[in-house]
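Trainee: I have a structure I would like to understand better, so I am pasting it below and will then ask my questions one at a time.
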Amino acid sequence: MRSRTYVEAALRRAVAELGWTWPEKATVEAPKRPEHGDLATNVALVLPQEAGGNPRIRAEALRERLVADYAPNLAAVDVAGPGFLNLTLSPAFWQGTITRVMEDPCFGKSSLGQGKKAQVEYVSANPTGPLHIGHGRGAAVGDSLARILRFAGYEVHTEYYLNDAGRQMRLLGLSVWVRYQQLCGRQLPFPEDGYQGDYIAHIAARIHRERGEELLSWDEATAQDFCYQEGMNEILEGIRQDLRHFRAEHEVWFSEKSLVEAGAVAATLADLQAKGFAYEHEGALWFASTRFGDDKDRVLRKSDGSLTYFASDIAYHAHKIGRGYDLMIDIWGADHHGYVPRMKAAIAALGKDPESLQIILVQLVNLLREGQQVAMSTRAGTFETLADVCAEVGVDAARFLFLSRKSDAHLDFDLEVVKRQSMDNPVYYVQYAHARIRSLQRKAREAGIGLPEKPVPELLALLATPEDLALLKALDGFGDAVELAARTLSPHHVSYYLMELAGLLHRYYTEHPVLAAEEPALRDARLLLLEAVRRVLARGLDLLGVDAPTRM
RNA sequence: GCGCAAUUAGCUCAGUUGGAUAGAGCGUUAGCCUCCGGAGCUAAAGGUCGCAGGUUCGAUUCCUGCAUUGCGCACCA
C-alpha cells in the first residue's frame, strides 16, 4: 500500500475511534517543506465545530491514537501551526516500496476508473490533406490519455471520427477532378475554395497514370465521385501511416457517412423534436441549445434541406451514449472552443449528464526554427506536416514535448531546440536515466553479478541515506502522479513526475557507487533500488508513448 | 460589443482543485572528470504569483472589477 493510502486509512480509523466522521474537505498530502514530515493532513482543521475543542486539541487527540496504533511504521507525529498533523513514516515503510514495485507488475495502477467505460476520440481530422503538427499534439494527448486512463482502471476505447460526408469532401473530389482534367490538357480555372496542396496534384497524377484519360468519357458526377474516393483513400492511408508511426493507433474508425446512411441523423433529429428540444423556424430546423445554457439556438437542418455538421455530431454522440460510455473524451483544437457549450447542451438534451462529456482543448502549436517562426503555408515541402517534423526530431522528442505542457496552453515547438540533446529537451534526460541503469545492469552481468532473488528487509534496510529515501519516496509517489493525471485528464503530470524521478536518479548515481559499493550486500540493495526505479521509469514513459531505451 | 482562455524568476513553463517560508529547466556566476555513461552532478544569485478589492483561521489557487495578449462569436467546416 502506498504511503498516502496507508496514512489516510490510519487517520480515518483514528477519526472514527474518536467518534467523529471524516470530513469531505480533509486532505492528506505531501507537504512542500520536508520538516513538515512525509505527509500532512488538515483533518483536525476541517472537522466541524461539534467535534469539540479547537483544532489543536483535536489534532492532539488524533496524535495520541496514531502513536498508539501505528508505532512501527510511524516514526513521528507532530501537531503544528493552527492544527496540522505532520506524519513521518519510518525508513522501513519506505524501503518496503521496493518490494511493492518488484512484486506488483502493475505498480502504480489505480482503481479510479474501476468498472467504468471511457472513450477517447482524438485527431478526427478531415481527410482532406496530410496531418500537420497541430494534429500531432492532439494525437499525443489523446493516445497518452487513453494509456493513462487504462492504467487508472478504466476500460478505454479510442476512436477517430471520420468526416467522410458533406461539403469538404465534395470539395476534395472537385479539387482532384479539376487537377486531373488540367493534366489531360483542359484549360480550367481551379475552384476558389479548392485544396491547393501538392498532394492533390499527386493524387490526380496517379489517377492519370493508372487510368489515362478514361475519366473524361464518364459523366461529371461519376468522375468527381471517383476522384473523391481515390483522393480520400490515399489521404486516409497517409494519415493512418503517420499515426501508426507516431504510435497513436485508433481502435475504431467511425464513418460519418455510415451514420447518415443508417438514418441515425434523421432519427436523432426526430428524437430531439419529439422531446421538444428542436423546432422549425424560417424553413430551418433549430436545436434549442439556449435551454441548456448556450448563447443562442443552433441550426440542425438548413432551409435548403441539407444537414449541418452539428446535426451529425449530435447523432454521433448519441451513438456513443448508446454504447454505454461513462466518460466520453473529445480532443479538439482550441479554436473550436466556441463549439463546447452547444455540444454539452446536446448531451444534456439527449438525457445524459453533460459532465460525462469532457472536451480537452488543445492549443495551437507555434512551429519555430531557432526562434524564427516557420511559415505555416499549406504547401508541402516546408516542415509543417507531422511526418516531416517526426522525421527531423524523432517521435520520442515530439511526443514528450507535446506532453510536457498543459494541453490548453500555447506551445512553442522549436525544431532546433527539440533536436538538441540537453536539458532544454527533457526527453533525453529521462531516457538517459533509464539507459544509465540498463548500462549498469549490463556491467553487473558481465561481472557475474545478478539481481538478488528477493528484496528481503535485511537488505533493504541498508538503503537509508537521504538519497535512498528521496528515491524511495519518489517511487511511492508514482501512483499519485498517475492518478492526478487521470483525474485531471492531464498527461503532463506524468512527464513532470518522470523528470523529477530521473533527476533523483542522476543525483544518486553520482553520489553512491553501485557496483563499487563498499560491501556486496550494499551493492545488491542498490541494484534492487535501481531496478525498481528503472521499472517505474519504463512504465511512466510507456504511459506517454515514449521509448525507454537500453542504450543511447 | 459579447464569450472562452492565458498572465508565476531575464526566457520557457509546473504548481496535486484553499494550506505552512513560491517550484523546475534554460540562461548567468562559482565548482565537480585517477571514480559504474559528463547526454551527468553540486552551489549561488534571481519573485509585489498582471493590478485593485472581496470571501476565511489561511488565497498563486475561489468571487467581482480592471488591464494586456490569444482565440472564438454563420442556415462554414
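Identifiers in this document derive from the order of the C-alpha cells: chains are assigned A, B, ..., residues are numbered from 1 separately in each chain, and ligands are numbered from 1 in order of occurrence.
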Taking only range 380-548 of chain A into account, list the residues labelled helix (DSSP H, G or I) by DSSP (computed from the backbone), as an MDAnalysis selection string.
Mentor: chainID A and resid 386:393 395:402 415:419 426:446 457:460 466:476 478:487 492:511 520:544
Trainee: Can you tell me, as an NGL selection string, what residues are no more than 9 Å from range 50-54 of chain B when counting only C-alpha atoms (C1' of nucleotides), ignoring any on the same chain fewer than 2 positions away?
Mentor: :B and (7 or 63-68)
Trainee: With C-alpha atoms (C1' of nucleotides) kept, could you save the residues just selected as a PDB file, in the first residue's frame?
Mentor:
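Saved as out_2.pdb:
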```
ATOM      1  C1'   U B   7      -0.949  36.448 -17.271  1.00  0.00           C
ATOM      2  C1'   C B  63     -15.579  35.524  -6.365  1.00  0.00           C
ATOM      3  C1'   U B  64     -16.031  40.677  -8.560  1.00  0.00           C
ATOM      4  C1'   G B  65     -13.939  44.660 -11.355  1.00  0.00           C
ATOM      5  C1'   C B  66      -9.900  46.481 -14.443  1.00  0.00           C
ATOM      6  C1'   A B  67      -5.551  45.942 -17.793  1.00  0.00           C
ATOM      7  C1'   U B  68      -2.786  43.276 -21.551  1.00  0.00           C
TER       8        U B  68
END
```
Trainee: Do a neighbour search on Tyr432 in chain A at 10 Å with only C-alpha atoms (C1' of nucleotides), toss out local chain neighbours closer than 5 positions, and write the hits as a VMD selection string.
Mentor: (chain A and resid 426 to 427 437 to 438 502 506 548 to 552) or (chain B and resid 37 39 to 40)
Trainee: Sort by chain and increasing residue number a table of all residues of chain B within 12 Å of chain A, each with its closest pair of atoms and their distance in Å to one decimal, counting only C-alpha atoms (C1' of nucleotides), and write it as CSV.
Mentor:
```
residue,atom,partner,partner_atom,distance
B:C2,C1',A:Asp295,CA,9.6
B:G3,C1',A:Gly338,CA,8.1
B:C4,C1',A:His337,CA,6.8
B:A5,C1',A:Asp408,CA,8.0
B:A6,C1',A:Ala409,CA,7.5
B:U7,C1',A:Ala409,CA,11.7
B:C11,C1',A:Asp424,CA,11.6
B:U12,C1',A:Asp412,CA,8.7
B:C13,C1',A:Arg405,CA,7.5
B:A14,C1',A:Tyr496,CA,7.6
B:G15,C1',A:His493,CA,10.6
B:U16,C1',A:Leu484,CA,6.5
B:U17,C1',A:Thr488,CA,9.3
B:G18,C1',A:Lys25,CA,9.9
B:G19,C1',A:Asn42,CA,8.0
B:A20,C1',A:Gly81,CA,7.3
B:U21,C1',A:Arg33,CA,8.9
B:A22,C1',A:Lys32,CA,9.9
B:G23,C1',A:Lys32,CA,9.5
B:A24,C1',A:Glu500,CA,8.7
B:G25,C1',A:Met423,CA,6.5
B:C26,C1',A:Asp424,CA,6.1
B:G27,C1',A:Asp424,CA,10.8
B:C32,C1',A:Thr510,CA,10.1
B:C33,C1',A:Thr510,CA,11.8
B:C35,C1',A:Pro513,CA,8.3
B:C36,C1',A:Leu515,CA,5.8
B:G37,C1',A:Arg436,CA,6.5
B:G38,C1',A:Thr510,CA,10.4
B:A39,C1',A:Gln421,CA,6.1
B:G40,C1',A:His506,CA,6.6
B:C41,C1',A:Arg507,CA,6.1
B:U42,C1',A:Arg507,CA,9.4
B:C57,C1',A:Pro82,CA,7.3
B:G58,C1',A:Pro82,CA,9.5
B:U69,C1',A:His410,CA,11.7
B:G70,C1',A:His410,CA,8.8
B:C71,C1',A:Asp335,CA,5.9
B:G72,C1',A:Gly338,CA,5.5
B:C73,C1',A:Gly338,CA,7.5
B:A74,C1',A:Val299,CA,9.8
B:C75,C1',A:Lys302,CA,4.6
B:C76,C1',A:Thr308,CA,9.3
B:A77,C1',A:Gln168,CA,7.1
```
Trainee: Find the spatial neighbours of A45 in chain B, counting only C-alpha atoms (C1' of nucleotides), within a cut-off of 12 Å - ignore same-chain residues fewer than 2 positions away - and output them as number ranges by chain.
Mentor: B: 9, 28-30, 43
Trainee: Using only C-alpha atoms (C1' of nucleotides), which protein or nucleic acid residues come within 9 Å of Ala315 in chain A? Drop anything in the same chain fewer than 5 positions from it, and give the result as a ChimeraX atom specification.
Mentor: /A:259-260,264-269,310,320
Trainee: Tell me which protein, DNA and RNA residues are within 8 Å of Phe190 in chain A, counting only C-alpha atoms (C1' of nucleotides), leaving out same-chain ones fewer than 6 positions away, and put them as a ChimeraX atom specification.
Mentor: /A:175,178-179
Trainee: Figure out the distance between CA of His135 in chain A and CA of Ile331 in chain A, please, to one decimal in Å.
Mentor: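 CA of His135 in chain A lies at a distance of 10.1 Å from CA of Ile331 in chain A.
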Trainee: To one decimal place in Å, what is the distance between CA of Thr5 in chain A and CA of Lys454 in chain A?
Mentor: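 Going from CA of Thr5 in chain A over to CA of Lys454 in chain A covers 24.6 Å.
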